[in-house]
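J.: Below is my_file05.txt; it holds compact mmCIF, C-alpha atoms and all ligand atoms.
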```
# COMPACT_ATOMS: atom_id res chain seq x y z
CA MET D 983 -140.85 -40.24 215.54
CA ASN D 984 -137.60 -41.41 213.97
CA ASP D 985 -135.83 -43.46 216.63
CA ASN D 986 -132.41 -43.77 215.11
CA LYS D 987 -130.37 -44.72 218.15
CA ASN D 988 -126.95 -45.33 216.58
CA TYR D 989 -125.49 -42.75 218.91
CA LYS D 990 -126.26 -44.94 221.96
CA HIS D 991 -123.26 -47.13 221.10
CA GLU D 992 -120.97 -44.20 220.49
CA THR D 993 -118.21 -43.32 222.93
CA SER D 994 -116.49 -40.50 221.01
CA LEU D 995 -119.22 -37.94 221.66
CA ASP D 996 -117.77 -35.38 224.04
CA ARG D 997 -120.41 -34.77 226.73
CA VAL D 998 -119.77 -31.53 228.63
CA ALA D 999 -122.78 -31.20 230.95
CA GLY D 1000 -125.83 -33.16 232.09
CA ASN D 1001 -128.69 -34.47 229.99
CA GLY D 1002 -126.88 -34.62 226.63
CA LEU D 1003 -125.03 -31.32 226.20
CA LEU D 1004 -122.11 -31.89 223.83
CA SER D 1005 -118.83 -30.06 223.37
CA ARG D 1006 -118.63 -27.01 221.12
CA ARG D 1007 -115.87 -28.87 219.27
CA HIS D 1008 -118.62 -30.87 217.58
CA LEU D 1009 -119.67 -27.61 215.92
CA LEU D 1010 -116.12 -26.70 214.97
CA GLY D 1011 -115.45 -29.12 212.19
CA LEU D 1012 -115.62 -32.48 213.95
CA SER D 1013 -118.52 -34.12 212.16
CA LEU D 1014 -121.19 -35.62 214.37
CA ALA D 1015 -121.84 -38.22 211.72
CA GLY D 1016 -118.15 -39.08 211.90
CA ALA D 1017 -118.62 -39.63 215.61
CA GLY D 1018 -121.40 -42.09 214.81
CA ALA D 1019 -124.27 -39.88 215.98
CA ALA D 1020 -127.69 -39.86 214.37
CA VAL D 1021 -127.89 -37.24 211.64
CA ALA D 1022 -130.95 -35.43 210.34
CA GLY D 1023 -130.29 -36.20 206.65
CA ASN D 1024 -131.09 -39.49 204.92
CA VAL D 1025 -128.25 -41.93 204.35
CA LEU D 1026 -128.28 -43.22 200.75
CA GLY D 1027 -127.34 -46.80 199.96
CA ALA D 1028 -124.97 -47.79 197.15
CA GLU D 1029 -128.00 -48.04 194.84
CA ALA D 1030 -128.99 -44.39 195.25
CA PRO D 1031 -132.15 -43.62 193.26
CA ALA D 1032 -131.77 -41.16 190.37
CA LEU D 1033 -133.35 -37.87 191.33
CA SER D 1034 -136.21 -36.85 189.01
CA MET D 1035 -135.96 -33.38 187.52
CA PRO D 1036 -138.53 -31.06 189.13
CA ALA D 1037 -140.75 -28.75 187.04
CA TRP D 1038 -138.78 -25.63 188.06
CA SER D 1039 -135.61 -27.05 186.51
CA ARG D 1040 -137.26 -27.59 183.12
CA SER D 1041 -138.25 -24.03 182.17
CA PRO D 1042 -137.09 -20.44 182.83
CA GLY D 1043 -138.33 -18.85 186.02
CA ARG D 1044 -139.77 -15.41 186.76
CA GLY D 1045 -137.76 -12.40 185.55
CA PRO D 1046 -136.03 -9.80 187.73
CA SER D 1047 -138.24 -7.54 189.86
CA GLU D 1048 -137.92 -4.03 191.31
CA TYR D 1049 -138.33 -4.94 194.98
CA GLY D 1050 -137.88 -8.46 196.25
CA ASN D 1051 -140.17 -10.57 198.40
CA PRO D 1052 -139.54 -13.76 200.39
CA SER D 1053 -140.39 -17.07 198.73
CA THR D 1054 -144.11 -17.81 198.89
CA PHE D 1055 -143.04 -21.02 200.67
CA ALA D 1056 -141.55 -18.87 203.46
CA ALA D 1057 -144.61 -16.63 203.67
CA GLY D 1058 -145.42 -17.94 207.16
CA ILE D 1059 -142.47 -16.02 208.61
CA LYS D 1060 -144.32 -12.97 209.89
CA ARG D 1061 -144.36 -10.55 212.76
CA LEU D 1062 -146.56 -11.71 215.63
CA ALA D 1063 -149.21 -8.99 215.60
CA PRO D 1064 -152.33 -8.84 217.77
CA PRO D 1065 -155.69 -7.95 216.15
CA PRO D 1066 -156.27 -4.17 215.86
CA ASN D 1067 -157.27 -2.51 219.14
CA ALA D 1068 -160.47 -0.48 218.63
CA THR D 1069 -160.01 1.54 221.85
CA LEU D 1070 -156.42 2.52 221.00
CA PRO D 1071 -156.28 3.19 217.24
CA GLY D 1072 -152.83 2.41 215.85
CA GLY D 1073 -151.43 1.63 219.30
CA GLY D 1074 -149.87 -1.66 220.34
CA ALA D 1075 -146.97 -3.83 219.34
CA SER D 1076 -145.96 -6.54 216.91
CA ARG D 1077 -143.13 -8.93 217.73
CA THR D 1078 -140.17 -10.28 215.76
CA PRO D 1079 -140.54 -14.07 215.20
CA LEU D 1080 -137.14 -14.76 216.80
CA HIS D 1081 -137.70 -18.53 216.65
CA LEU D 1082 -138.05 -18.47 212.84
CA LEU D 1083 -134.90 -16.45 212.09
CA GLN D 1084 -131.16 -17.14 212.13
CA GLY D 1085 -128.03 -15.01 212.56
CA ILE D 1086 -128.36 -11.67 214.35
CA ILE D 1087 -129.81 -9.24 211.78
CA THR D 1088 -133.56 -8.65 211.72
CA PRO D 1089 -134.94 -8.11 208.21
CA ASN D 1090 -136.66 -4.72 208.03
CA SER D 1091 -140.11 -6.20 207.39
CA LEU D 1092 -139.80 -8.25 210.59
CA HIS D 1093 -138.41 -5.56 212.92
CA PHE D 1094 -140.65 -5.38 215.98
CA GLU D 1095 -142.99 -2.40 216.28
CA ARG D 1096 -144.20 -0.50 219.30
CA HIS D 1097 -146.39 2.51 218.62
CA HIS D 1098 -148.33 4.56 221.13
CA ALA D 1099 -150.58 6.18 218.50
CA GLY D 1100 -149.92 4.37 215.24
CA VAL D 1101 -147.56 5.02 212.33
CA PRO D 1102 -147.79 8.55 210.86
CA ASP D 1103 -147.43 8.87 207.08
CA ILE D 1104 -144.77 11.58 207.00
CA ASP D 1105 -143.77 13.45 203.85
CA PRO D 1106 -140.02 13.98 204.28
CA ALA D 1107 -140.18 17.20 202.24
CA GLN D 1108 -142.42 18.74 204.91
CA HIS D 1109 -140.83 17.22 208.01
CA ARG D 1110 -138.53 19.38 210.14
CA LEU D 1111 -136.18 18.70 213.06
CA VAL D 1112 -135.63 21.60 215.48
CA ILE D 1113 -132.79 21.81 218.03
CA ASN D 1114 -133.44 24.46 220.68
CA GLY D 1115 -133.39 25.16 224.42
CA LEU D 1116 -130.04 25.78 226.10
CA VAL D 1117 -128.05 26.28 222.88
CA ARG D 1118 -126.19 29.25 221.44
CA GLN D 1119 -128.16 29.16 218.18
CA PRO D 1120 -131.39 27.16 217.67
CA LEU D 1121 -131.27 25.19 214.41
CA MET D 1122 -133.81 23.65 212.04
CA PHE D 1123 -133.05 20.78 209.63
CA SER D 1124 -134.96 19.30 206.73
CA TYR D 1125 -134.49 15.65 205.74
CA GLU D 1126 -132.36 16.81 202.80
CA ASP D 1127 -130.20 18.86 205.17
CA LEU D 1128 -129.47 15.80 207.31
CA LEU D 1129 -128.59 13.65 204.30
CA ALA D 1130 -125.70 16.04 203.59
CA TYR D 1131 -123.94 15.29 206.92
CA PRO D 1132 -121.26 12.63 207.42
CA MET D 1133 -122.85 9.35 208.51
CA GLU D 1134 -121.86 6.35 210.59
CA SER D 1135 -123.18 2.78 210.59
CA ARG D 1136 -123.49 0.47 213.59
CA ILE D 1137 -125.08 -2.93 214.14
CA LEU D 1138 -127.19 -2.47 217.28
CA PHE D 1139 -130.02 -4.21 219.07
CA LEU D 1140 -133.21 -2.42 220.03
CA GLU D 1141 -135.31 -3.82 222.87
CA CYS D 1142 -138.50 -2.49 224.41
CA SER D 1143 -138.28 -2.34 228.20
CA GLY D 1144 -141.61 -4.19 228.25
CA ASN D 1145 -140.02 -7.11 226.39
CA SER D 1146 -140.43 -10.51 228.12
CA GLY D 1147 -142.75 -8.85 230.67
CA GLY D 1148 -144.98 -11.93 230.32
CA ALA D 1149 -142.19 -14.03 231.85
CA ALA D 1150 -142.62 -12.08 235.10
CA GLY D 1151 -146.33 -12.97 235.31
CA PRO D 1152 -147.83 -15.51 237.73
CA THR D 1153 -148.32 -18.33 235.16
CA ALA D 1154 -146.00 -19.43 232.38
CA ALA D 1155 -147.58 -18.39 229.07
CA ASP D 1156 -147.89 -21.09 226.41
CA THR D 1157 -146.11 -19.17 223.68
CA SER D 1158 -143.14 -19.11 221.30
CA ALA D 1159 -139.74 -17.45 221.75
CA GLY D 1160 -140.93 -14.57 219.55
CA GLY D 1161 -144.23 -14.35 221.40
CA LEU D 1162 -142.44 -13.98 224.72
CA HIS D 1163 -139.26 -12.10 223.80
CA GLY D 1164 -139.92 -10.61 220.33
CA LEU D 1165 -139.93 -6.92 221.30
CA LEU D 1166 -136.28 -7.27 220.33
CA SER D 1167 -134.56 -6.75 216.97
CA CYS D 1168 -131.10 -5.97 215.62
CA ALA D 1169 -130.21 -4.01 212.51
CA GLU D 1170 -127.43 -2.02 210.90
CA TRP D 1171 -128.44 1.58 211.59
CA THR D 1172 -126.89 4.47 209.66
CA GLY D 1173 -127.21 8.13 210.50
CA VAL D 1174 -125.76 11.39 211.73
CA ARG D 1175 -124.17 11.68 215.15
CA LEU D 1176 -126.19 13.90 217.46
CA SER D 1177 -122.94 15.42 218.79
CA THR D 1178 -122.22 16.81 215.29
CA LEU D 1179 -125.52 18.72 215.27
CA LEU D 1180 -125.19 19.78 218.92
CA ASP D 1181 -121.72 21.16 218.18
CA GLU D 1182 -123.23 23.35 215.49
CA ALA D 1183 -126.01 24.52 217.79
CA GLY D 1184 -123.47 25.22 220.57
CA VAL D 1185 -124.54 23.57 223.84
CA LEU D 1186 -124.59 26.08 226.73
CA PRO D 1187 -122.74 25.10 229.93
CA GLU D 1188 -125.98 24.93 231.98
CA ALA D 1189 -127.38 22.13 229.77
CA SER D 1190 -127.29 18.63 231.25
CA TRP D 1191 -130.30 16.84 229.68
CA VAL D 1192 -131.59 16.34 226.14
CA SER D 1193 -135.31 15.86 225.56
CA SER D 1194 -136.66 14.48 222.29
CA THR D 1195 -140.18 14.54 220.88
CA GLY D 1196 -141.79 12.59 218.05
CA ALA D 1197 -144.15 13.92 215.37
CA ASP D 1198 -146.68 11.10 215.86
CA GLY D 1199 -150.14 11.52 217.38
CA ALA D 1200 -148.72 10.38 220.75
CA SER D 1201 -146.12 13.22 220.78
CA LEU D 1202 -143.93 10.73 222.60
CA GLY D 1203 -141.22 12.49 224.58
CA ARG D 1204 -138.20 11.23 226.50
CA SER D 1205 -135.22 12.80 228.30
CA ILE D 1206 -131.69 11.43 228.36
CA PRO D 1207 -128.58 12.83 230.07
CA LEU D 1208 -126.40 15.05 227.86
CA ASN D 1209 -123.26 12.91 228.39
CA LYS D 1210 -124.96 9.88 226.76
CA ALA D 1211 -126.29 12.08 223.93
CA LEU D 1212 -122.75 13.26 223.19
CA ARG D 1213 -121.18 9.79 223.56
CA ASP D 1214 -122.92 7.60 220.98
CA VAL D 1215 -126.46 8.74 220.18
CA PHE D 1216 -127.32 9.38 216.54
CA ILE D 1217 -130.20 10.27 214.28
CA ALA D 1218 -130.91 7.14 212.25
CA LEU D 1219 -131.88 7.61 208.60
CA TYR D 1220 -131.12 4.13 207.21
CA GLN D 1221 -131.93 0.63 208.48
CA ASN D 1222 -130.09 -2.32 206.92
CA GLY D 1223 -129.09 -0.13 204.00
CA GLU D 1224 -132.45 1.36 203.01
CA PRO D 1225 -134.29 4.38 204.41
CA ILE D 1226 -135.78 3.47 207.78
CA ARG D 1227 -139.27 2.05 207.53
CA PRO D 1228 -142.33 4.14 208.50
CA GLU D 1229 -142.85 1.71 211.43
CA GLN D 1230 -139.32 2.48 212.64
CA GLY D 1231 -139.68 6.27 212.44
CA TYR D 1232 -139.33 7.39 208.81
CA PRO D 1233 -137.91 9.80 207.90
CA MET D 1234 -135.73 10.00 211.06
CA ARG D 1235 -135.51 8.59 214.56
CA LEU D 1236 -133.27 9.05 217.55
CA PHE D 1237 -131.17 5.94 218.21
CA VAL D 1238 -129.82 5.51 221.74
CA PRO D 1239 -127.55 2.42 221.70
CA GLY D 1240 -128.11 -0.16 224.45
CA TRP D 1241 -130.85 1.78 226.23
CA GLU D 1242 -134.53 0.94 226.62
CA GLY D 1243 -136.25 1.22 223.23
CA ASN D 1244 -138.67 3.88 224.43
CA VAL D 1245 -135.93 6.57 224.48
CA SER D 1246 -135.17 6.00 220.76
CA VAL D 1247 -137.86 8.48 219.75
CA LYS D 1248 -139.32 7.80 216.31
CA TRP D 1249 -140.48 10.42 213.77
CA LEU D 1250 -138.10 12.77 215.63
CA THR D 1251 -139.10 16.44 215.33
CA GLN D 1252 -137.62 18.28 218.33
CA ILE D 1253 -134.48 18.07 220.45
CA LYS D 1254 -134.38 20.45 223.39
CA LEU D 1255 -131.41 21.04 225.67
CA THR D 1256 -132.43 21.56 229.32
CA ASP D 1257 -130.89 21.66 232.79
CA MET D 1258 -133.17 18.89 234.12
CA ALA D 1259 -135.22 15.98 232.81
CA ALA D 1260 -138.47 17.11 231.18
CA ASN D 1261 -140.51 14.50 233.10
CA PHE D 1262 -142.69 13.67 230.11
CA LYS D 1263 -145.73 11.44 230.72
CA ASP D 1264 -143.73 8.63 229.04
CA GLU D 1265 -141.09 8.74 231.80
CA THR D 1266 -143.35 9.27 234.84
CA SER D 1267 -146.67 7.44 234.34
CA ARG D 1268 -144.99 4.57 232.49
CA TYR D 1269 -141.53 3.16 231.73
CA THR D 1270 -140.71 3.16 235.46
CA GLU D 1271 -140.12 0.00 237.53
CA LEU D 1272 -142.28 -0.59 240.58
CA LEU D 1273 -140.34 -1.81 243.65
CA PRO D 1274 -141.58 -4.09 246.45
CA ASP D 1275 -142.02 -1.05 248.81
CA GLY D 1276 -144.34 0.74 246.35
CA LYS D 1277 -141.71 3.25 245.18
CA ALA D 1278 -140.69 3.25 241.51
CA LEU D 1279 -137.36 3.52 239.73
CA GLN D 1280 -137.22 6.21 237.04
CA PHE D 1281 -134.70 6.40 234.18
CA THR D 1282 -133.49 2.78 234.20
CA PHE D 1283 -131.82 3.24 230.86
CA PRO D 1284 -129.45 0.35 229.88
CA MET D 1285 -131.09 -2.96 229.02
CA GLY D 1286 -130.01 -5.86 231.22
CA THR D 1287 -127.68 -8.73 230.35
CA LYS D 1288 -129.95 -11.33 228.82
CA SER D 1289 -130.24 -14.37 226.59
CA VAL D 1290 -132.98 -16.53 225.12
CA ILE D 1291 -132.89 -19.92 223.42
CA THR D 1292 -134.69 -19.52 220.09
CA SER D 1293 -134.51 -23.19 219.12
CA PRO D 1294 -135.68 -25.57 220.43
CA SER D 1295 -138.26 -23.22 221.93
CA GLY D 1296 -141.90 -22.87 222.89
CA GLN D 1297 -144.52 -24.52 220.67
CA MET D 1298 -141.92 -26.49 218.69
CA THR D 1299 -141.83 -30.30 218.65
CA LEU D 1300 -138.64 -32.35 218.35
CA ARG D 1301 -139.48 -34.91 215.69
CA ARG D 1302 -136.55 -37.27 216.22
CA GLN D 1303 -134.13 -38.33 218.90
CA GLY D 1304 -130.47 -37.58 218.23
CA ILE D 1305 -128.40 -34.45 217.81
CA HIS D 1306 -130.10 -31.04 217.86
CA GLU D 1307 -128.47 -27.65 217.87
CA ILE D 1308 -129.49 -25.46 220.77
CA THR D 1309 -129.22 -21.89 219.50
CA GLY D 1310 -130.27 -18.48 220.67
CA LEU D 1311 -129.51 -14.81 221.13
CA ALA D 1312 -127.73 -12.91 223.88
CA TRP D 1313 -127.26 -9.18 224.41
CA SER D 1314 -126.47 -6.52 226.98
CA GLY D 1315 -127.01 -2.77 227.16
CA ARG D 1316 -123.70 -2.47 229.04
CA GLY D 1317 -121.23 -3.94 226.55
CA ALA D 1318 -120.57 -6.98 224.39
CA ILE D 1319 -121.50 -10.58 225.15
CA ARG D 1320 -118.52 -12.56 226.44
CA ARG D 1321 -120.07 -15.86 227.46
CA VAL D 1322 -123.30 -17.84 227.18
CA GLU D 1323 -123.82 -21.00 229.19
CA VAL D 1324 -126.52 -23.53 228.42
CA SER D 1325 -128.20 -26.08 230.68
CA ALA D 1326 -130.36 -29.04 229.67
CA ASP D 1327 -131.20 -30.09 233.23
CA GLY D 1328 -132.93 -26.99 234.57
CA GLY D 1329 -129.77 -25.28 235.81
CA ARG D 1330 -128.08 -28.17 237.67
CA SER D 1331 -125.16 -28.27 235.21
CA TRP D 1332 -123.98 -25.79 232.57
CA ALA D 1333 -121.79 -25.84 229.46
CA ASP D 1334 -120.27 -22.96 227.49
CA ALA D 1335 -122.02 -22.38 224.18
CA HIS D 1336 -120.09 -21.44 221.06
CA LEU D 1337 -119.91 -17.71 220.28
CA GLU D 1338 -118.05 -16.15 217.37
CA PRO D 1339 -114.99 -14.25 218.66
CA ASN D 1340 -115.03 -10.44 218.85
CA GLN D 1341 -118.70 -9.91 219.57
CA LEU D 1342 -120.02 -6.42 218.81
CA GLU D 1343 -120.86 -4.00 221.62
CA LEU D 1344 -124.62 -3.46 222.10
CA ALA D 1345 -125.56 -5.89 219.33
CA LEU D 1346 -127.15 -9.33 219.44
CA ALA D 1347 -124.82 -12.33 219.75
CA ARG D 1348 -125.78 -15.73 218.29
CA PHE D 1349 -124.82 -18.75 220.41
CA ARG D 1350 -124.95 -22.45 219.56
CA LEU D 1351 -124.34 -25.77 221.30
CA PRO D 1352 -124.96 -29.34 220.11
CA TRP D 1353 -127.34 -31.37 222.25
CA LEU D 1354 -128.04 -35.08 222.20
CA TRP D 1355 -131.72 -35.65 222.94
CA GLU D 1356 -132.27 -39.24 223.98
CA GLY D 1357 -136.05 -38.96 224.40
CA GLY D 1358 -136.14 -38.03 228.08
CA PRO D 1359 -137.55 -34.88 229.66
CA ALA D 1360 -135.27 -31.83 229.70
CA VAL D 1361 -135.39 -28.21 230.81
CA LEU D 1362 -133.33 -25.93 228.55
CA GLN D 1363 -131.94 -22.67 229.89
CA SER D 1364 -129.31 -20.10 228.86
CA ARG D 1365 -127.31 -17.62 230.94
CA ALA D 1366 -125.39 -14.67 229.47
CA THR D 1367 -122.36 -12.78 230.80
CA ASP D 1368 -121.31 -9.42 229.31
CA SER D 1369 -117.95 -7.69 228.91
CA ALA D 1370 -118.55 -5.70 232.11
CA GLY D 1371 -118.93 -8.95 234.07
CA ASN D 1372 -122.73 -8.71 234.48
CA VAL D 1373 -124.38 -12.13 234.66
CA GLN D 1374 -128.01 -12.73 233.71
CA PRO D 1375 -129.97 -13.33 236.95
CA THR D 1376 -132.33 -16.19 237.67
CA ARG D 1377 -136.05 -15.44 237.32
CA GLU D 1378 -136.35 -15.71 241.11
CA VAL D 1379 -133.65 -13.08 241.76
CA PHE D 1380 -135.30 -10.74 239.25
CA LEU D 1381 -138.75 -11.16 240.80
CA ASN D 1382 -137.41 -10.53 244.32
CA THR D 1383 -135.93 -7.22 243.19
CA TYR D 1384 -139.22 -5.69 242.01
CA SER D 1385 -142.91 -5.48 242.88
CA PRO D 1386 -144.96 -8.43 241.53
CA ALA D 1387 -146.76 -5.84 239.36
CA ASN D 1388 -143.55 -4.77 237.54
CA ARG D 1389 -143.30 -5.89 233.93
CA TYR D 1390 -140.39 -3.74 232.73
CA HIS D 1391 -136.74 -4.74 232.19
CA PHE D 1392 -137.31 -8.47 232.77
CA ASN D 1393 -134.03 -10.27 232.08
CA GLY D 1394 -134.32 -13.41 234.21
CA ILE D 1395 -133.27 -16.83 232.94
CA GLN D 1396 -136.14 -18.47 231.08
CA SER D 1397 -136.87 -22.20 230.82
CA TRP D 1398 -138.16 -24.33 227.95
CA ALA D 1399 -139.30 -27.81 229.06
CA VAL D 1400 -138.99 -30.66 226.54
CA SER D 1401 -141.40 -33.54 227.19
CA ALA D 1402 -140.73 -37.21 226.40
CA GLN D 1403 -142.91 -36.63 223.30
CA GLY D 1404 -140.57 -33.83 222.20
CA GLU D 1405 -143.03 -31.00 222.86
CA VAL D 1406 -141.34 -27.77 223.95
CA LYS D 1407 -143.11 -25.48 226.40
CA ASN D 1408 -142.42 -22.36 228.43
CA VAL D 1409 -142.23 -23.31 232.13
CA TYR D 1410 -141.26 -21.80 235.45
CA ALA D 1411 -138.52 -24.15 236.63
N1 LIG J 1 -141.38 7.15 219.36
C1 LIG J 1 -142.56 7.71 219.09
N2 LIG J 1 -142.57 8.94 218.56
N3 LIG J 1 -143.74 7.06 219.32
C2 LIG J 1 -143.77 5.80 219.87
O1 LIG J 1 -144.85 5.25 220.06
N4 LIG J 1 -142.42 3.95 220.80
C3 LIG J 1 -141.22 3.74 221.59
C4 LIG J 1 -139.97 4.09 220.79
N5 LIG J 1 -140.10 5.37 220.14
C5 LIG J 1 -142.52 5.20 220.19
C6 LIG J 1 -141.32 5.91 219.89
C7 LIG J 1 -141.08 2.41 222.10
S1 LIG J 1 -141.99 2.04 223.48
C8 LIG J 1 -140.18 1.54 221.59
S2 LIG J 1 -139.87 0.05 222.34
C9 LIG J 1 -139.46 1.81 220.34
O2 LIG J 1 -139.77 3.09 219.82
C10 LIG J 1 -139.86 0.75 219.32
O3 LIG J 1 -139.20 0.98 218.12
P1 LIG J 1 -139.62 0.16 216.82
O4 LIG J 1 -141.13 0.28 216.67
O5 LIG J 1 -138.86 0.73 215.70
O6 LIG J 1 -139.24 -1.27 217.08
```
How would this structure read if it were set down as structure tokens?
Ligand code: MTE

T.:
Amino acid sequence: MNDNKNYKHETSLDRVAGNGLLSRRHLLGLSLAGAGAAVAGNVLGAEAPALSMPAWSRSPGRGPSEYGNPSTFAAGIKRLAPPPNATLPGGGASRTPLHLLQGIITPNSLHFERHHAGVPDIDPAQHRLVINGLVRQPLMFSYEDLLAYPMESRILFLECSGNSGGAAGPTAADTSAGGLHGLLSCAEWTGVRLSTLLDEAGVLPEASWVSSTGADGASLGRSIPLNKALRDVFIALYQNGEPIRPEQGYPMRLFVPGWEGNVSVKWLTQIKLTDMAANFKDETSRYTELLPDGKALQFTFPMGTKSVITSPSGQMTLRRQGIHEITGLAWSGRGAIRRVEVSADGGRSWADAHLEPNQLELALARFRLPWLWEGGPAVLQSRATDSAGNVQPTREVFLNTYSPANRYHFNGIQSWAVSAQGEVKNVYA
């Protein structure tokens, strides 16, 4: 380990909370090196060695290609996918490697997946979307038909309500940020507002619910209230600029901003207007939250106010003492993120992390805070507050609200312990 301890003599570092948390102003232009802190780069002496010219600078590289791929040196950045499940063909989930990414946008190839019966290979020329039920005139649309409608684009997160369920379990799993929280992604989604199509179909006054069904082998179905469907729900056709991926519902999916991922029905084939919820198997036998008295909550739609530190995070090792950036993601299904606080002493003291101004509603927010690690043990935590004033609860408060068997909608504060050797581990603080 590199033990550059220059910073120990430095008084101009602005400490804002316990165990080494430094002011956001150190991120905002005031150089840490200028403040005398240890830096990650190598300081060159006056006799700097001449750099030798590497092989790739001495000859032309590969020519242009039709569809790009990441560098082979970055090939380790992959979704975290379990081995295929023989008893449930195509079913299961793969997670976004949140700890290996930066910013807020998830590249399409790394968007998490959750399929109940695998990914159907749908020919868009044969796929149809039907709108029926309590409407004046039932309608049918081809993919081509939908492409002709006016579209809108929004940057939005998608989170499975089973995300982070492992953090509600009895023992703290030895895993990474992506392994624990990676049923979460954020993309720019483009599509046609559902209200536009419902206007054409003519919603009858008795209608109060909208049920949607997918064309996959699971025939996944979910109901949402009509007022949400008219407010901001759309049929997504594009994801980060290109047609949505088969894993995300190609050729079309419902997108329900801020709500549990399960209601954003993929491979969308039917929308039916009804006067009550359809009570599909996917909203009765699962996707309900068990309470301590044995009853269950149904239709818990918005995702909770939540944050996770993506670096330093589980299974990483800090290789040197000195300044590290604590960074992570925060989001809420009830608005925009207004504040993220970070603790390095297990919640005894907190400091405000840096957030870009004007955070987007129902999108991920990236937060950052400089941290001086002096080689001692630490417990890193983050706590988000949204624009509606909701504050992320502690793990204990979350667990007391539900049955110990509940694994849905976990949004408690999570802890990464840093050992004196710099090893970072998921713990229950
Ligand atoms: N829609 C259909 N038709 N079939 C499915 O299995 N999975 C749901 C939802 N829509 C699913 C579906 C669940 S549980 C989630 S969390 C999201 O899709 C996941 O979307 P993604 O795979 O694009 O990340």

J.: Find, counting all atoms listed in the file, the residue in D:His1336, D:His1081, D:Lys1263, D:Arg1301 that gets nearest to Arg1007 in chain D.

T.: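 Of D:His1336, D:His1081, D:Lys1263, D:Arg1301, the one nearest Arg1007 in chain D is D:His1336, counting all atoms listed in the file.
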
J.: Do you know which residues are within 7 Å of ligand LIG 1 (chain J) using all atoms listed in the file? Can you write them as a PyMOL selection string?

T.: chain D and resi 1093-1099+1140-1143+1195-1198+1200-1202+1229-1231+1242-1250

J.: Need to verify the contact set: range 1157-1169 of chain D, 8 Å, all atoms listed in the file, exclusion of same-chain residues closer than 2 positions in sequence. Can you return it as a PyMOL selection string?

T.: chain D and resi 1062+1075-1081+1086-1090+1093-1096+1137-1142+1144-1149+1155+1171+1221-1222+1290-1292+1295-1298+1345-1346+1407-1408

J.: Identify, on the basis of only C-alpha atoms, every residue whose closest approach to Arg1268 in chain D does not exceed 12 Å; exclude the query and any residue fewer than 2 positions from it along the same chain; express the result as number ranges by chain.

T.: D: 1098, 1143-1144, 1202-1204, 1244, 1261-1266, 1270-1272, 1278-1282, 1388-1390

J.: What is the CA of Glu1170 in chain D to CA of Glu1224 in chain D distance in Å?

T.: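 So the answer is 9.9 Å.
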
J.: Go ahead and compute the interatomic distance for CA of Tyr1232 in chain D and CA of Pro1106 in chain D, in Å to one decimal.

T.: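 Going from CA of Tyr1232 in chain D over to CA of Pro1106 in chain D covers 8.0 Å.
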
J.: What's the separation between CA of Glu1405 in chain D and CA of Val1324 in chain D, in Å to one decimal place?

T.: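 A separation of 19.0 Å between them.
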
J.: Which residues, written as number ranges by chain, have at least one atom at most 12 Å from Ser1135 in chain D, with all atoms listed in the file counted and residues fewer than 5 positions away on the same chain left out?

T.: D: 1169-1175, 1214-1223, 1237, 1239

J.: Enumerate, in order of chain and increasing residue number, the residues of range 998-1089 of chain D with an atom no farther than 12 Å from range 1360-1373 of chain D, each with its shortest atom pair and distance in Å to one decimal, counting all atoms listed in the file, as a Markdown table.

T.:
```
| residue | atom | partner | partner_atom | distance |
| --- | --- | --- | --- | --- |
| D:Gly1000 | CA | D:Ala1360 | CA | 9.8 |
| D:Asn1001 | CA | D:Ala1360 | CA | 7.1 |
| D:Gly1002 | CA | D:Ala1360 | CA | 9.4 |
| D:Leu1003 | CA | D:Leu1362 | CA | 10.2 |
```

J.: Since we have the selection now, will you write its residues out, keeping C-alpha atoms, as an mmCIF file, keeping the file's coordinate frame?

T.:
```
data_model
loop_
_atom_site.group_PDB
_atom_site.id
_atom_site.type_symbol
_atom_site.label_atom_id
_atom_site.label_comp_id
_atom_site.auth_asym_id
_atom_site.auth_seq_id
_atom_site.Cartn_x
_atom_site.Cartn_y
_atom_site.Cartn_z
ATOM 1 C CA GLY D 1000 -125.830 -33.160 232.090
ATOM 2 C CA ASN D 1001 -128.690 -34.470 229.990
ATOM 3 C CA GLY D 1002 -126.880 -34.620 226.630
ATOM 4 C CA LEU D 1003 -125.030 -31.320 226.200
#
```

J.: So which residues touch Glu1126 in chain D within 10 Å, counting all atoms listed in the file, skipping near sequence neighbours fewer than 2 positions away, as a tab-separated table (two decimals) with C-alpha atoms, keeping the file's coordinate frame?

T.:
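Output (around.tsv):
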```tsv
chain	number	residue	atom	x	y	z
D	1106	PRO	CA	-140.02	13.98	204.28
D	1107	ALA	CA	-140.18	17.20	202.24
D	1109	HIS	CA	-140.83	17.22	208.01
D	1110	ARG	CA	-138.53	19.38	210.14
D	1123	PHE	CA	-133.05	20.78	209.63
D	1124	SER	CA	-134.96	19.30	206.73
D	1128	LEU	CA	-129.47	15.80	207.31
D	1129	LEU	CA	-128.59	13.65	204.30
D	1130	ALA	CA	-125.70	16.04	203.59
D	1131	TYR	CA	-123.94	15.29	206.92
```
